[in-house]
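Structure data follow from model15.txt (compact mmCIF, C-alpha atoms and all ligand atoms):
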```txt
# COMPACT_ATOMS: atom_id res chain seq x y z
CA MET A 1 20.79 -0.39 27.26
CA PHE A 2 20.71 1.35 23.87
CA VAL A 3 18.60 -0.59 21.35
CA PHE A 4 18.72 -0.67 17.56
CA ASP A 5 15.45 -1.93 16.04
CA ALA A 6 16.04 -2.97 12.42
CA HIS A 7 12.39 -2.99 11.37
CA LEU A 8 9.43 -0.73 12.07
CA ASP A 9 6.65 0.40 9.71
CA LEU A 10 6.13 3.74 11.48
CA ALA A 11 4.86 5.77 8.52
CA MET A 12 2.43 3.03 7.50
CA ASN A 13 0.92 3.22 10.98
CA ALA A 14 0.69 7.00 10.81
CA MET A 15 -0.79 7.16 7.33
CA GLU A 16 -2.86 3.98 6.96
CA TRP A 17 -3.81 3.17 10.57
CA ASN A 18 -4.18 6.91 11.29
CA ARG A 19 -2.08 6.68 14.44
CA GLU A 20 -0.58 9.79 16.04
CA LEU A 21 2.76 8.29 17.01
CA THR A 22 3.89 11.23 19.16
CA TRP A 23 1.28 10.08 21.70
CA PRO A 24 2.02 7.38 24.28
CA VAL A 25 0.83 3.88 23.31
CA THR A 26 -1.91 4.08 25.95
CA ALA A 27 -3.41 7.22 24.37
CA ILE A 28 -3.37 5.65 20.90
CA ARG A 29 -5.16 2.62 22.32
CA THR A 30 -7.82 4.78 23.95
CA SER A 31 -8.39 6.60 20.65
CA GLU A 32 -9.12 3.26 18.96
CA ILE A 33 -11.70 1.87 21.38
CA GLY A 34 -14.62 0.52 19.37
CA MET A 35 -12.73 0.41 16.04
CA THR A 36 -12.82 -2.95 14.25
CA ASP A 37 -11.26 -2.25 10.82
CA LYS A 38 -7.89 -3.83 11.76
CA PRO A 39 -7.16 -6.77 14.09
CA ASP A 40 -4.69 -4.74 16.18
CA ARG A 41 -6.97 -1.79 16.98
CA ASN A 42 -6.65 -0.75 20.62
CA LYS A 43 -3.75 -3.23 20.96
CA ASN A 44 -0.81 -1.33 19.42
CA THR A 45 2.61 -1.51 21.07
CA VAL A 46 4.66 1.21 19.31
CA SER A 47 4.91 4.98 19.62
CA LEU A 48 7.85 7.38 19.45
CA GLN A 49 7.37 8.20 23.13
CA ASP A 50 7.47 4.54 24.15
CA MET A 51 10.53 3.96 21.97
CA ARG A 52 12.23 6.76 23.90
CA ARG A 53 11.10 5.16 27.17
CA GLY A 54 12.70 1.88 26.04
CA ASN A 55 15.95 3.56 24.93
CA ILE A 56 15.32 2.51 21.32
CA GLY A 57 17.17 5.48 19.89
CA LEU A 58 17.69 4.21 16.38
CA CYS A 59 15.62 2.13 14.00
CA VAL A 60 15.21 1.17 10.40
CA ALA A 61 11.88 2.66 9.34
CA THR A 62 10.08 1.66 6.18
CA GLN A 63 8.27 2.99 3.22
CA ILE A 64 5.92 0.27 2.02
CA ALA A 65 3.42 0.02 -0.85
CA ARG A 66 2.52 -3.00 -2.98
CA PHE A 67 1.57 -2.95 -6.64
CA SER A 68 -0.99 -5.75 -7.20
CA LYS A 69 -1.48 -6.98 -10.74
CA LYS A 70 -5.01 -8.17 -11.61
CA THR A 71 -3.98 -11.78 -10.99
CA ASN A 72 -2.59 -11.02 -7.51
CA PRO A 73 -5.14 -11.69 -4.75
CA LEU A 74 -3.20 -9.62 -2.19
CA PRO A 75 -4.35 -6.05 -1.49
CA GLY A 76 -2.28 -3.35 -3.18
CA TRP A 77 -2.21 -0.38 -5.55
CA LYS A 78 -3.31 -0.86 -9.15
CA SER A 79 -0.24 0.81 -10.64
CA PRO A 80 3.41 1.32 -9.65
CA GLN A 81 2.78 5.07 -9.92
CA GLN A 82 0.16 4.91 -7.15
CA ALA A 83 2.51 2.78 -5.03
CA TRP A 84 5.30 5.32 -5.56
CA ALA A 85 3.02 8.18 -4.52
CA GLN A 86 2.04 6.25 -1.38
CA THR A 87 5.69 5.91 -0.36
CA GLN A 88 6.16 9.64 -0.98
CA GLY A 89 3.32 10.40 1.42
CA GLN A 90 5.01 8.18 4.00
CA LEU A 91 8.27 10.06 3.49
CA ALA A 92 6.44 13.36 3.97
CA TRP A 93 5.28 12.10 7.37
CA TYR A 94 8.85 11.19 8.42
CA LYS A 95 9.96 14.68 7.32
CA SER A 96 7.20 16.30 9.37
CA MET A 97 8.39 14.32 12.41
CA GLU A 98 11.88 15.71 11.79
CA ASP A 99 10.47 19.25 11.67
CA ILE A 100 9.16 18.93 15.23
CA GLY A 101 12.25 17.18 16.62
CA GLU A 102 10.56 13.78 17.06
CA MET A 103 12.78 11.96 14.57
CA VAL A 104 15.99 12.49 12.61
CA GLN A 105 17.07 10.78 9.42
CA ILE A 106 20.47 9.07 9.50
CA ARG A 107 22.05 8.59 6.10
CA ASN A 108 25.84 8.50 6.63
CA LEU A 109 28.57 7.66 9.11
CA GLU A 110 29.02 11.22 10.34
CA GLN A 111 25.32 11.54 11.21
CA LEU A 112 25.34 8.09 12.81
CA LYS A 113 28.23 8.98 15.10
CA ALA A 114 26.69 12.32 16.08
CA HIS A 115 23.35 10.63 16.80
CA LEU A 116 24.89 7.94 19.02
CA GLN A 117 26.73 10.64 20.92
CA LEU A 118 23.51 12.59 21.43
CA TRP A 119 21.87 9.48 22.90
CA GLU A 120 24.71 9.11 25.40
CA THR A 121 24.02 12.54 26.88
CA PRO A 122 21.11 13.11 29.25
CA LYS A 123 18.47 15.19 27.51
CA GLU A 124 14.74 15.50 27.94
CA LYS A 125 13.45 14.60 24.48
CA LYS A 126 15.87 13.03 22.05
CA PRO A 127 14.87 12.52 18.43
CA ILE A 128 14.48 8.89 17.31
CA GLY A 129 17.01 8.23 14.57
CA TYR A 130 15.74 6.41 11.51
CA ILE A 131 17.40 4.81 8.54
CA LEU A 132 15.01 4.84 5.62
CA SER A 133 14.27 1.47 4.03
CA LEU A 134 11.83 0.25 1.40
CA GLU A 135 9.95 -2.98 2.14
CA GLY A 136 9.09 -4.46 -1.26
CA ALA A 137 10.35 -2.63 -4.35
CA ASP A 138 7.12 -2.56 -6.41
CA SER A 139 6.92 1.23 -6.00
CA ILE A 140 10.22 1.71 -7.84
CA ILE A 141 8.74 2.54 -11.26
CA SER A 142 12.15 2.38 -12.95
CA THR A 143 15.78 2.39 -11.78
CA HIS A 144 15.72 6.18 -12.12
CA TYR A 145 13.24 6.22 -9.21
CA LEU A 146 15.68 4.23 -7.08
CA GLU A 147 18.24 6.96 -7.56
CA LYS A 148 15.59 9.53 -6.59
CA SER A 149 14.89 7.51 -3.44
CA TYR A 150 18.58 7.35 -2.65
CA GLU A 151 18.71 11.14 -2.83
CA GLN A 152 15.76 11.22 -0.39
CA GLY A 153 17.85 9.19 2.06
CA LEU A 154 16.91 5.61 1.23
CA ARG A 155 19.69 3.34 2.50
CA ALA A 156 18.20 -0.17 2.49
CA ILE A 157 15.77 -2.05 0.27
CA GLY A 158 13.98 -5.39 0.28
CA PRO A 159 13.04 -6.37 -3.28
CA ALA A 160 9.87 -8.28 -2.30
CA HIS A 161 7.22 -8.47 0.44
CA TYR A 162 4.38 -11.03 0.41
CA GLY A 163 3.47 -12.80 -2.82
CA PRO A 164 4.44 -11.94 -6.39
CA GLY A 165 6.52 -8.80 -6.87
CA THR A 166 7.86 -6.81 -9.80
CA TYR A 167 11.53 -7.48 -9.00
CA ALA A 168 11.46 -10.68 -6.90
CA GLN A 169 9.02 -13.15 -5.39
CA GLY A 170 8.16 -12.76 -1.72
CA THR A 171 6.81 -14.90 1.12
CA ASN A 172 4.47 -17.65 -0.20
CA GLY A 173 5.32 -16.55 -3.77
CA GLU A 174 6.72 -18.74 -6.52
CA GLY A 175 9.64 -18.18 -8.86
CA GLY A 176 12.79 -16.12 -9.10
CA ILE A 177 13.98 -12.61 -9.82
CA GLY A 178 13.96 -12.44 -13.63
CA ILE A 179 15.62 -9.75 -15.76
CA LYS A 180 13.94 -6.86 -13.92
CA GLY A 181 15.21 -8.19 -10.60
CA LYS A 182 18.75 -8.50 -11.92
CA THR A 183 18.68 -4.94 -13.26
CA LEU A 184 17.43 -3.63 -9.91
CA LEU A 185 20.14 -5.52 -8.00
CA LYS A 186 22.83 -3.93 -10.18
CA GLU A 187 21.44 -0.49 -9.37
CA ILE A 188 21.22 -1.35 -5.63
CA GLU A 189 24.87 -2.37 -5.77
CA ARG A 190 25.91 0.77 -7.67
CA LEU A 191 24.24 3.01 -5.07
CA ASN A 192 25.74 0.98 -2.16
CA LEU A 193 22.25 0.42 -0.74
CA ILE A 194 21.90 -2.36 1.84
CA LEU A 195 20.02 -5.30 0.38
CA ASP A 196 17.41 -6.65 2.80
CA VAL A 197 16.80 -10.33 2.01
CA THR A 198 13.83 -10.54 4.39
CA HIS A 199 10.66 -11.90 2.70
CA LEU A 200 12.45 -13.29 -0.39
CA ASN A 201 11.17 -16.75 -1.26
CA ASP A 202 13.82 -19.47 -1.46
CA GLN A 203 14.39 -19.27 -5.21
CA SER A 204 14.61 -15.48 -5.23
CA PHE A 205 16.88 -15.56 -2.16
CA TRP A 206 19.45 -17.87 -3.77
CA GLU A 207 19.30 -16.19 -7.19
CA THR A 208 19.80 -12.82 -5.51
CA LEU A 209 22.81 -13.85 -3.43
CA LYS A 210 24.43 -15.45 -6.46
CA ILE A 211 24.65 -12.19 -8.39
CA PHE A 212 24.64 -9.48 -5.70
CA ASN A 213 28.03 -8.37 -4.35
CA GLY A 214 27.01 -5.51 -2.02
CA PRO A 215 26.11 -5.43 1.69
CA VAL A 216 23.33 -7.82 2.79
CA TRP A 217 21.24 -7.93 5.94
CA ALA A 218 17.91 -9.39 7.01
CA SER A 219 15.99 -6.80 9.01
CA HIS A 220 13.28 -9.08 10.44
CA ASN A 221 13.49 -12.82 9.87
CA ASN A 222 13.40 -15.82 12.21
CA CYS A 223 14.48 -19.47 11.97
CA ARG A 224 12.76 -22.26 10.01
CA ALA A 225 14.28 -24.85 12.36
CA LEU A 226 12.02 -23.46 15.11
CA VAL A 227 8.88 -22.61 13.09
CA ASP A 228 8.71 -24.41 9.76
CA HIS A 229 7.49 -21.89 7.14
CA ASN A 230 8.95 -20.38 3.96
CA ARG A 231 8.89 -16.93 5.67
CA GLN A 232 11.67 -18.19 7.96
CA PHE A 233 15.32 -18.91 7.09
CA SER A 234 16.59 -22.47 6.75
CA ASP A 235 19.90 -23.27 8.43
CA LEU A 236 21.53 -23.29 4.99
CA GLN A 237 20.31 -19.74 4.35
CA ILE A 238 21.49 -18.58 7.78
CA LYS A 239 24.94 -20.08 7.18
CA GLU A 240 25.15 -18.31 3.82
CA LEU A 241 24.21 -14.99 5.48
CA ILE A 242 26.84 -15.52 8.17
CA LYS A 243 29.42 -16.05 5.40
CA ARG A 244 28.31 -12.74 3.87
CA GLN A 245 28.82 -10.87 7.18
CA ALA A 246 25.09 -10.25 7.48
CA VAL A 247 23.14 -9.39 10.61
CA ILE A 248 19.69 -10.92 11.06
CA GLY A 249 17.05 -9.05 13.11
CA MET A 250 14.66 -11.13 15.21
CA ALA A 251 10.97 -10.39 14.68
CA LEU A 252 8.27 -10.51 17.37
CA ASP A 253 5.23 -11.60 15.38
CA ALA A 254 3.87 -14.53 17.43
CA TRP A 255 3.24 -16.83 14.46
CA MET A 256 6.96 -16.61 13.62
CA LEU A 257 7.87 -17.55 17.20
CA ALA A 258 5.55 -20.43 18.04
CA PRO A 259 4.88 -23.49 15.90
CA ASN A 260 1.16 -24.23 15.34
CA TRP A 261 0.05 -20.60 15.69
CA ILE A 262 -3.38 -20.14 14.10
CA ARG A 263 -4.09 -16.53 13.12
CA GLY A 264 -7.08 -15.03 14.91
CA ILE A 265 -7.53 -18.12 17.09
CA SER A 266 -4.30 -18.70 19.00
CA THR A 267 -3.36 -16.34 21.83
CA PRO A 268 0.15 -15.56 23.14
CA LYS A 269 -0.81 -16.74 26.63
CA GLY A 270 -2.56 -19.85 25.28
CA LEU A 271 0.53 -21.00 23.38
CA GLY A 272 2.96 -19.64 25.98
CA VAL A 273 4.67 -17.21 23.58
CA THR A 274 7.14 -14.96 25.43
CA LEU A 275 10.33 -13.06 24.68
CA HIS A 276 12.08 -16.35 25.45
CA ASN A 277 10.92 -17.57 22.04
CA MET A 278 12.82 -14.69 20.43
CA ILE A 279 15.90 -15.60 22.46
CA ASP A 280 15.58 -19.21 21.23
CA ASN A 281 15.82 -17.85 17.67
CA MET A 282 18.80 -15.67 18.61
CA ASP A 283 20.48 -18.63 20.23
CA HIS A 284 19.90 -20.82 17.19
CA ILE A 285 21.74 -18.33 14.96
CA CYS A 286 24.55 -17.83 17.48
CA GLN A 287 25.05 -21.62 17.66
CA LEU A 288 25.23 -21.85 13.85
CA ALA A 289 27.71 -18.95 13.74
CA GLY A 290 29.76 -20.01 16.74
CA ASN A 291 29.60 -16.41 17.94
CA THR A 292 27.15 -13.57 18.70
CA ASN A 293 28.10 -11.37 15.74
CA HIS A 294 25.22 -12.02 13.35
CA VAL A 295 22.01 -11.50 15.26
CA GLY A 296 20.13 -8.37 16.28
CA ILE A 297 16.63 -7.07 16.85
CA GLY A 298 14.08 -6.26 14.14
CA THR A 299 10.83 -6.30 16.07
CA ASP A 300 8.29 -5.48 13.32
CA LEU A 301 6.02 -4.68 16.30
CA ASP A 302 3.85 -2.30 14.24
CA GLY A 303 3.66 -4.56 11.19
CA GLY A 304 -0.09 -5.15 11.31
CA PHE A 305 -0.34 -6.81 14.71
CA GLY A 306 -0.42 -5.80 18.37
CA THR A 307 -0.61 -7.49 21.77
CA GLU A 308 -3.03 -10.09 20.34
CA GLN A 309 -0.11 -11.50 18.35
CA CYS A 310 3.14 -10.72 20.17
CA PRO A 311 4.95 -12.17 23.22
CA SER A 312 2.71 -12.07 26.28
CA ASP A 313 5.44 -10.44 28.41
CA LEU A 314 5.56 -7.42 26.10
CA ASN A 315 3.00 -4.65 26.55
CA THR A 316 4.79 -1.90 24.63
CA ILE A 317 8.00 -1.78 22.60
CA SER A 318 9.80 -0.41 25.69
CA ASP A 319 9.62 -3.93 27.18
CA ILE A 320 12.48 -4.84 24.83
CA GLN A 321 14.55 -3.68 27.81
CA LYS A 322 13.69 -7.02 29.45
CA VAL A 323 15.80 -8.83 26.85
CA PRO A 324 19.34 -8.02 28.16
CA ASN A 325 18.52 -9.52 31.54
CA MET A 326 16.95 -12.60 29.94
CA LEU A 327 20.03 -13.09 27.75
CA GLN A 328 22.24 -12.82 30.81
CA LYS A 329 20.24 -15.57 32.52
CA ARG A 330 20.78 -17.73 29.43
CA GLY A 331 24.54 -17.38 29.87
CA TYR A 332 25.32 -14.54 27.48
CA SER A 333 28.21 -12.23 28.47
CA PRO A 334 27.82 -8.43 28.72
CA ASN A 335 29.68 -8.08 25.41
CA ASP A 336 27.43 -10.67 23.69
CA ILE A 337 24.36 -8.82 24.93
CA GLU A 338 25.61 -5.49 23.57
CA ASN A 339 26.33 -7.16 20.24
CA ILE A 340 22.76 -8.35 20.00
CA MET A 341 21.01 -5.23 21.32
CA HIS A 342 22.84 -2.77 19.02
CA LYS A 343 26.52 -3.36 18.26
CA ASN A 344 26.12 -5.84 15.41
CA PHE A 345 23.85 -3.61 13.35
CA LEU A 346 25.87 -0.48 14.17
CA GLY A 347 29.07 -2.27 13.14
CA PHE A 348 27.38 -3.32 9.91
CA LEU A 349 26.48 0.29 9.14
CA GLU A 350 30.00 1.46 9.94
CA ARG A 351 31.49 -1.12 7.55
CA THR A 352 28.97 -0.24 4.83
CA TRP A 353 29.21 3.54 5.03
CA LYS A 354 32.94 4.05 5.63
ZN ZN B 1 7.77 -7.55 6.90
```
In structure tokens, how does this file's structure come out?
Ligand SMILES: [Zn+2]
Amino acid sequence: MFVFDAHLDLAMNAMEWNRELTWPVTAIRTSEIGMTDKPDRNKNTVSLQDMRRGNIGLCVATQIARFSKKTNPLPGWKSPQQAWAQTQGQLAWYKSMEDIGEMVQIRNLEQLKAHLQLWETPKEKKPIGYILSLEGADSIISTHYLEKSYEQGLRAIGPAHYGPGTYAQGTNGEGGIGIKGKTLLKEIERLNLILDVTHLNDQSFWETLKIFNGPVWASHNNCRALVDHNRQFSDLQIKELIKRQAVIGMALDAWMLAPNWIRGISTPKGLGVTLHNMIDNMDHICQLAGNTNHVGIGTDLDGGFGTEQCPSDLNTISDIQKVPNMLQKRGYSPNDIENIMHKNFLGFLERTWK
């Protein structure tokens, strides 16, 4: 079944992890034997080839770069200008993947329709479609830069990532969006960019939804009712998103799937984390909505973790193809399953871009 993955950090992996994503996952793993600089070395699960193998023909792919003020303990660039330049390097990588037919940027309805048609026809090597998104807006030096990004194909933006941000406060951060945040939201609305509310802390989330009138989704965010942490949505937040016609992508980071996960100590097998945990999150949202129209997939499988911190029944991203069958066993109809695997996010894009 065709799969839409609403969150991958492909360029970050290419440019900061130095991964050659045209290789199969197994070859990337082999190339990282003996490396210890990142916890997921030799354990990655994502490559363009394995996405193709798993029929993941379209994704939302990020640019990501944090600006860390002196008081911010999180790693990041020392100026917004450096962060901007980092995102430009990431974009250059996406463009180079387009040049060799590995990827294709999708920025409007016409291109979306043509791309979906291409993926219906049998062909040896199809390009992976990507919708460009910015995870954390610190690299937007001024609103003028957001317009520049729009011209480069940016179609979605999350104002914050982890900790304090220029325009909003992210996961574990404190406070709201301030004047800068409000100005950015106005510009996001003017450009008809999709606002990604993933990672916003509670105060920033509610302040944002109060003043923003454009399209809203959450690319990779699970449920607080199942794992109690501010990174996850409360039922109240989920209900608000359902009211706003949002789609929420389910993430596969193990700590967001299993309560009591301890980073670096817990193991997926030890805590029994499987794709069923993701389906529990899907089911929770469907029960709140009373339908299957608001949930999708946003794996985040290359977001700084690998098999050491993802469901134990997933070896590479292509194992997402196990999900339709698992949903069927949980009583979901063929139409429900299509909604979740791709239709909800595709419908969202059609509504937004028409
Ligand atoms: Zn994230």
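Around range 209-215 of chain A, within 7 Å and counting all atoms listed in the file, the residues found are Leu185, Glu189, Asn192, Ile194, Leu195 and Thr352 of chain A, once anything fewer than 6 positions away on its own chain is removed.
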For the residues in that selection, give me C-alpha atoms as a short mmCIF file (atom, residue, chain, number, x, y, z; two decimals), keeping the file's coordinate frame.
```
data_model
loop_
_atom_site.label_atom_id
_atom_site.label_comp_id
_atom_site.auth_asym_id
_atom_site.auth_seq_id
_atom_site.Cartn_x
_atom_site.Cartn_y
_atom_site.Cartn_z
CA LEU A 185 20.14 -5.52 -8.00
CA GLU A 189 24.87 -2.37 -5.77
CA ASN A 192 25.74 0.98 -2.16
CA ILE A 194 21.90 -2.36 1.84
CA LEU A 195 20.02 -5.30 0.38
CA THR A 352 28.97 -0.24 4.83
#
```
Spatial neighbours of range 155-167 of chain A, max dist 7 Å, all atoms listed in the file, sep filter under 6 positions, as a count of residues only: 21
Hey, what's within 9 Å of range 219-222 of chain A if we count only C-alpha atoms and toss same-chain stuff fewer than 6 positions away? As an NGL selection string, please? :A and (5-7 or 60 or 196-199 or 231-233 or 247-252 or 256-257 or 278 or 281-282 or 296-300)
So that I can check the surroundings of range 224-227 of chain A, please list as number ranges by chain every protein, DNA and RNA residue that reaches within 12 Å of it, counting only C-alpha atoms and ignoring chain neighbours fewer than 6 positions away. A: 202, 233-238, 253-261, 277-285, 288
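Of note, CA of Lys70 in chain A and CA of Gly176 in chain A are spaced 19.7 Å apart.
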